[in-house]
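Step one of this worksheet: look at the structure below.
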Amino acid sequence: MLTLYSNIKHLIGIEEDAAQKKIVKGAEMKVLPMIEEAWLLTDGQFILDFGSMENLPDKPYDREENLRGASVLPVWVDSHTHLVFAHSREQEFVDRIHGLSYEEIAQRGGGILNSARKLNEADEGFLYDQAMARLEEGENLGTGAIEIKSGYGLNTQAEIKMLRVIRRIKETAGIPVKATFLGAHAYPLKFRENHQAYLDIIIQEMLPQIADEGLADYMDVFCEKGFFSAEETAQLLEASSKYGLKPKIHANQLYNSGGVQVGVKYDAISVDHLETMDDEEVACLQHSDTIATLLPGAAFFLAMHYQPARKLIDAGVAVALASDYNPGSCPGGNMNFLLTLACTQMRMTPEEAINACTLNGAAALELSHQMGSIARGKKASFIITKPISGPAYLPYAFGANLIERVVFAR
C-alpha cells in the first residue's frame, strides 16, 4: 500500500544522492541534511520518494497521512547491547552507592559472573520472553535495529543457549537484529588461574558449534585489565576469523588496554566503550575504518568519566552511539537520553549525536545500505515526533517523551 505522509515540519537525516553515504566521519558528522515542510512516500517496506510540500506529488497513492507539523527522522540503530539476561542486579547498584567500584564488585564474583550464574539457571523460553519485552520497550522509544551479544553463559552450553535465544529474536522481532558471540566476556572463576584452558574451550568447542549452527554475525572480546589481554584477544580473533566472524571489541573502558590497537589490527567493525584513551589510540583510529562506538549510558550509570567524543570527531574518526543495555552497568536502552548525554557530557552537537545514533550506528552493524537515513530504497522505518522546533530540541528536552509513534518497515 502506497502511503503519503504529508505536512512534515522537518524531514531529518535525508540523503538525496543515489550513491548513499555508508558512514560520516569528523566534520561530516556536523551535517544533518533536512527538508522543512516536506512529504514522504513509502510502500510500507521501502522509502520510495520524498520532497518539499511545494512539489507534492500528484501521482496515485493509496492513502495519505497528514502529520500536521510533526517531524520525521530515521529510527535509532542500537549497535551494542546485552539484551538477553536472566535477572537485574540492583544490589550491585546499591553496593556502588556504598563505595565499591565496578572492579571490586567483579573481583568478589559479582558483575558478569553474577549474571552468568543466573543465566545458567534460566531456560530459553524465559530468556526469550524477558528479552522480547525489553526489545519492545526499545522499539517504542525509537530503536529500529539492534545488536545483541551473548556473554552471560561463560560455558559452551549456556553460550549456545543465549545465541539460540538471539536467533529466535531475529526470526520474530520484525526489525533487523545482529548477533554477537561474547564468550570472552570474563573468565569463569575456575579458570582465573588458567586462562589458556578457557581460551581453548572457546576456540575448540564454542566457535565450531556456533559456526555450524550459524548463530553469530560477530565475535566480541572484553579486552581489559582483569579480563582478556590484548594478546589473548588477538588469539581469539585469529581463531574466529576462520569461521567468518568479524570482530567487535570491548576496549578501554577502565584502562588503556590495547583493545583499540588490536581491534584496528584485525579490522574490527567497531571498538566500543573507549572511556580511557590517549593520543596514540586516537591516531590509531584516525587512520582506520574502525568505528568508535561510545556508550555514555554506562559512564553515566557507573559515574565514570565520559568518552572523549570531541577529540575523536575532531580527529576525523567515525563515532557511533549505542546504549550498552545490560543488567549491571546500563540497565536501559533509551537512545533518546543518549542524545542528551552526548551533547551535555561529551560536547557533541545535536547533529553529530543524531548521526551517531542513526547512520553511523547502522554502519557499526553493516546496515547502512538499508538503515540510518531517509533515502530512496532504504527501509521505511522512521520516528514521527510530536511537534518540535528542530533537531536540537530532541536532546534539549530530555525529560519529555517527544515520540508520537514509530513506523517500522514490514
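Ordering of the C-alpha cells sets the chain letters (A, B, ...); residue numbers start at 1 within each chain; ligands are numbered from 1 in the order shown.
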
Residue contacts of region 265-277 of chain A (7 Å, only C-alpha atoms) excluding same-chain residues fewer than 5 positions away, as a ChimeraX atom specification:
/A:246-256,260,282,290-295,305-307,364

For the residues in that selection, give me C-alpha atoms as a short mmCIF file (atom, residue, chain, number, x, y, z; two decimals), in the first residue's frame.
data_model
loop_
_atom_site.label_atom_id
_atom_site.label_comp_id
_atom_site.auth_asym_id
_atom_site.auth_seq_id
_atom_site.Cartn_x
_atom_site.Cartn_y
_atom_site.Cartn_z
CA LYS A 246 34.03 -10.19 12.13
CA PRO A 247 35.43 -8.51 15.26
CA LYS A 248 33.68 -6.00 17.54
CA ILE A 249 35.81 -5.24 20.61
CA HIS A 250 35.04 -4.03 24.14
CA ALA A 251 38.05 -1.72 24.54
CA ASN A 252 39.49 0.77 27.01
CA GLN A 253 36.57 1.02 29.41
CA LEU A 254 38.73 1.04 32.53
CA TYR A 255 42.33 1.26 31.33
CA ASN A 256 44.45 1.73 28.23
CA VAL A 260 41.90 -0.23 20.25
CA VAL A 282 43.04 8.30 18.76
CA THR A 290 37.05 1.06 12.53
CA ILE A 291 34.14 2.89 14.15
CA ALA A 292 34.44 4.32 17.66
CA THR A 293 31.20 3.27 19.38
CA LEU A 294 30.68 5.29 22.55
CA LEU A 295 28.43 4.13 25.39
CA HIS A 305 34.41 9.86 33.15
CA TYR A 306 32.89 10.12 29.71
CA GLN A 307 34.45 9.20 26.39
CA ALA A 364 28.51 -0.37 13.03
#

If you count only C-alpha atoms, which residues fall within 6 Å of Ile47 (chain A), apart from same-chain ones fewer than 3 positions away, as a PDB file with C-alpha atoms, in the first residue's frame?
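Written file, result-v7.pdb:
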ATOM      1  CA  THR A  42       6.509   4.692   1.164  1.00  0.00           C
ATOM      2  CA  ARG A 376      15.056   6.254  -1.552  1.00  0.00           C
ATOM      3  CA  GLY A 377      15.318   2.469  -1.423  1.00  0.00           C
ATOM      4  CA  LYS A 378      16.049   2.252   2.309  1.00  0.00           C
ATOM      5  CA  ALA A 380      10.579   2.638   5.614  1.00  0.00           C
TER       6      ALA A 380
END

Option closest in space to Lys21 (chain A), from A:Leu141, A:Cys223, A:Glu213, A:Leu367 [counting only C-alpha atoms]
A:Leu367

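Each of A:Val262, A:Ile97, A:Ala122, A:Leu207 was compared to Phe228 (chain A) using only C-alpha atoms, and A:Val262 turns out to be the nearest.
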
With 9 Å as the cut-off and only C-alpha atoms counted, what is the closest atom pair between each nearby residue of region 131-186 of chain A and region 74-93 of chain A? Distances in Å to one decimal, ordered by chain and number, as a tab-separated table.
residue	atom	partner	partner_atom	distance
A:Ala131	CA	A:Val84	CA	5.2
A:Met132	CA	A:Leu83	CA	8.7
A:Arg134	CA	A:Leu83	CA	7.1
A:Leu135	CA	A:Leu83	CA	7.7
A:Glu139	CA	A:Val75	CA	8.9
A:Leu141	CA	A:Trp76	CA	8.8
A:Gly142	CA	A:Val75	CA	5.5
A:Thr143	CA	A:Trp76	CA	4.5
A:Gly144	CA	A:Val75	CA	5.2
A:Ala145	CA	A:Val77	CA	4.9
A:Ile146	CA	A:Asp78	CA	4.7
A:Glu147	CA	A:Ser79	CA	5.0
A:Ile148	CA	A:Thr81	CA	5.1
A:Lys149	CA	A:His82	CA	5.1
A:Ser150	CA	A:His82	CA	6.9
A:Gly151	CA	A:His82	CA	8.0
A:Tyr152	CA	A:Phe85	CA	7.0
A:Met162	CA	A:Val84	CA	7.0
A:Val165	CA	A:Val84	CA	7.8
A:Ile166	CA	A:Val84	CA	7.5
A:Lys178	CA	A:Ser79	CA	8.5

When you look at Tyr393 (chain A) with a cut-off of 12 Å (counting only C-alpha atoms), what residues show up, excluding the ones that are within fewer than 3 positions of it in the same chain? I need them as number ranges by chain.
A: 10, 71, 336, 339-340, 343, 349-351, 354, 385-390, 396-402

Which one of A:Leu73, A:Lys22, A:Lys118, A:Met206 sits closest to Leu394 (chain A) if you count only C-alpha atoms?
A:Leu73

Based on the backbone DSSP call, show me all residues of region 347-390 of chain A assigned strand (DSSP E), as a VMD selection string.
chain A and resid 374 to 375 382 to 385

Could you pull the residues within 7 Å of Tyr5 (chain A), counting only C-alpha atoms, minus those fewer than 6 positions along the same chain, as a compact mmCIF listing (two decimals) with N, CA and C atoms, in the first residue's frame?
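Listed below is the output, part_29.txt:
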# COMPACT_ATOMS: atom_id res chain seq x y z
N TRP A 39 7.18 16.07 2.47
CA TRP A 39 6.36 14.87 2.35
C TRP A 39 7.26 13.66 2.16
N LEU A 40 6.69 12.48 2.44
CA LEU A 40 7.44 11.22 2.33
C LEU A 40 6.49 10.16 1.79
N LEU A 41 6.95 9.42 0.79
CA LEU A 41 6.13 8.37 0.18
C LEU A 41 6.78 7.01 0.41
N GLU A 64 -3.25 8.85 2.47
CA GLU A 64 -2.44 9.99 2.92
C GLU A 64 -2.58 10.15 4.42
N GLU A 65 -1.45 10.36 5.07
CA GLU A 65 -1.44 10.72 6.50
C GLU A 65 -0.92 12.14 6.62
N ASN A 66 -1.75 13.01 7.08
CA ASN A 66 -1.36 14.40 7.32
C ASN A 66 -0.72 14.48 8.70
N LEU A 67 0.58 14.69 8.76
CA LEU A 67 1.28 14.70 10.05
C LEU A 67 1.17 16.03 10.78

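The space separating CA of Asp43 (chain A) from CA of Met1 (chain A) comes to 5.3 Å.
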
Per DSSP on the backbone, filter region 169-406 of chain A down to the residues in helix (DSSP H, G or I) and report them as a VMD selection string.
chain A and resid 169 to 172 189 to 191 195 to 213 230 to 241 259 to 265 279 to 286 296 to 302 309 to 314 335 to 346 350 to 357 359 to 363 393 to 396

Tell me which protein, DNA and RNA residues are within 9 Å of Asn155 (chain A), counting only C-alpha atoms, leaving out same-chain ones fewer than 4 positions away, and put them as a PyMOL selection string.
chain A and resi 120+159-160+183+188+198+201-202+206

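Within 6 Å of region 314-318 of chain A there are Lys25, Gly26, Gln286, Ile291, Arg310 and Lys311 of chain A, counting only C-alpha atoms and ignoring same-chain residues fewer than 3 positions away.
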
Could you turn the residues from that selection into a file that holds N, CA and C atoms, as a PDB file, in the first residue's frame?
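So the final result, stored in part_19.pdb, reads:
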ATOM      1  N   LYS A  25      32.232  10.847   8.966  1.00  0.00           N
ATOM      2  CA  LYS A  25      33.385  10.974   9.835  1.00  0.00           C
ATOM      3  C   LYS A  25      33.695  12.444  10.098  1.00  0.00           C
ATOM      4  N   GLY A  26      34.298  12.717  11.258  1.00  0.00           N
ATOM      5  CA  GLY A  26      34.833  14.036  11.544  1.00  0.00           C
ATOM      6  C   GLY A  26      33.843  15.151  11.298  1.00  0.00           C
ATOM      7  N   GLN A 286      42.148   7.096  13.810  1.00  0.00           N
ATOM      8  CA  GLN A 286      42.122   8.123  12.770  1.00  0.00           C
ATOM      9  C   GLN A 286      42.540   7.565  11.413  1.00  0.00           C
ATOM     10  N   ILE A 291      35.035   1.905  13.556  1.00  0.00           N
ATOM     11  CA  ILE A 291      34.139   2.893  14.155  1.00  0.00           C
ATOM     12  C   ILE A 291      34.356   2.937  15.665  1.00  0.00           C
ATOM     13  N   ARG A 310      34.628  14.577  21.530  1.00  0.00           N
ATOM     14  CA  ARG A 310      35.072  15.764  20.794  1.00  0.00           C
ATOM     15  C   ARG A 310      36.445  15.537  20.160  1.00  0.00           C
ATOM     16  N   LYS A 311      37.344  14.936  20.914  1.00  0.00           N
ATOM     17  CA  LYS A 311      38.690  14.670  20.411  1.00  0.00           C
ATOM     18  C   LYS A 311      38.651  13.684  19.250  1.00  0.00           C
TER      19      LYS A 311
END

Nearest-residue call for Ala133 (chain A), choices A:Ala283, A:Val24, A:Leu189, A:Ala173, using only C-alpha atoms:
A:Ala173

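Of the listed residues (A:Met53, A:Ala116, A:Ile313, A:Ile35), A:Ile35 comes nearest to Val72 (chain A); the distances count only C-alpha atoms.
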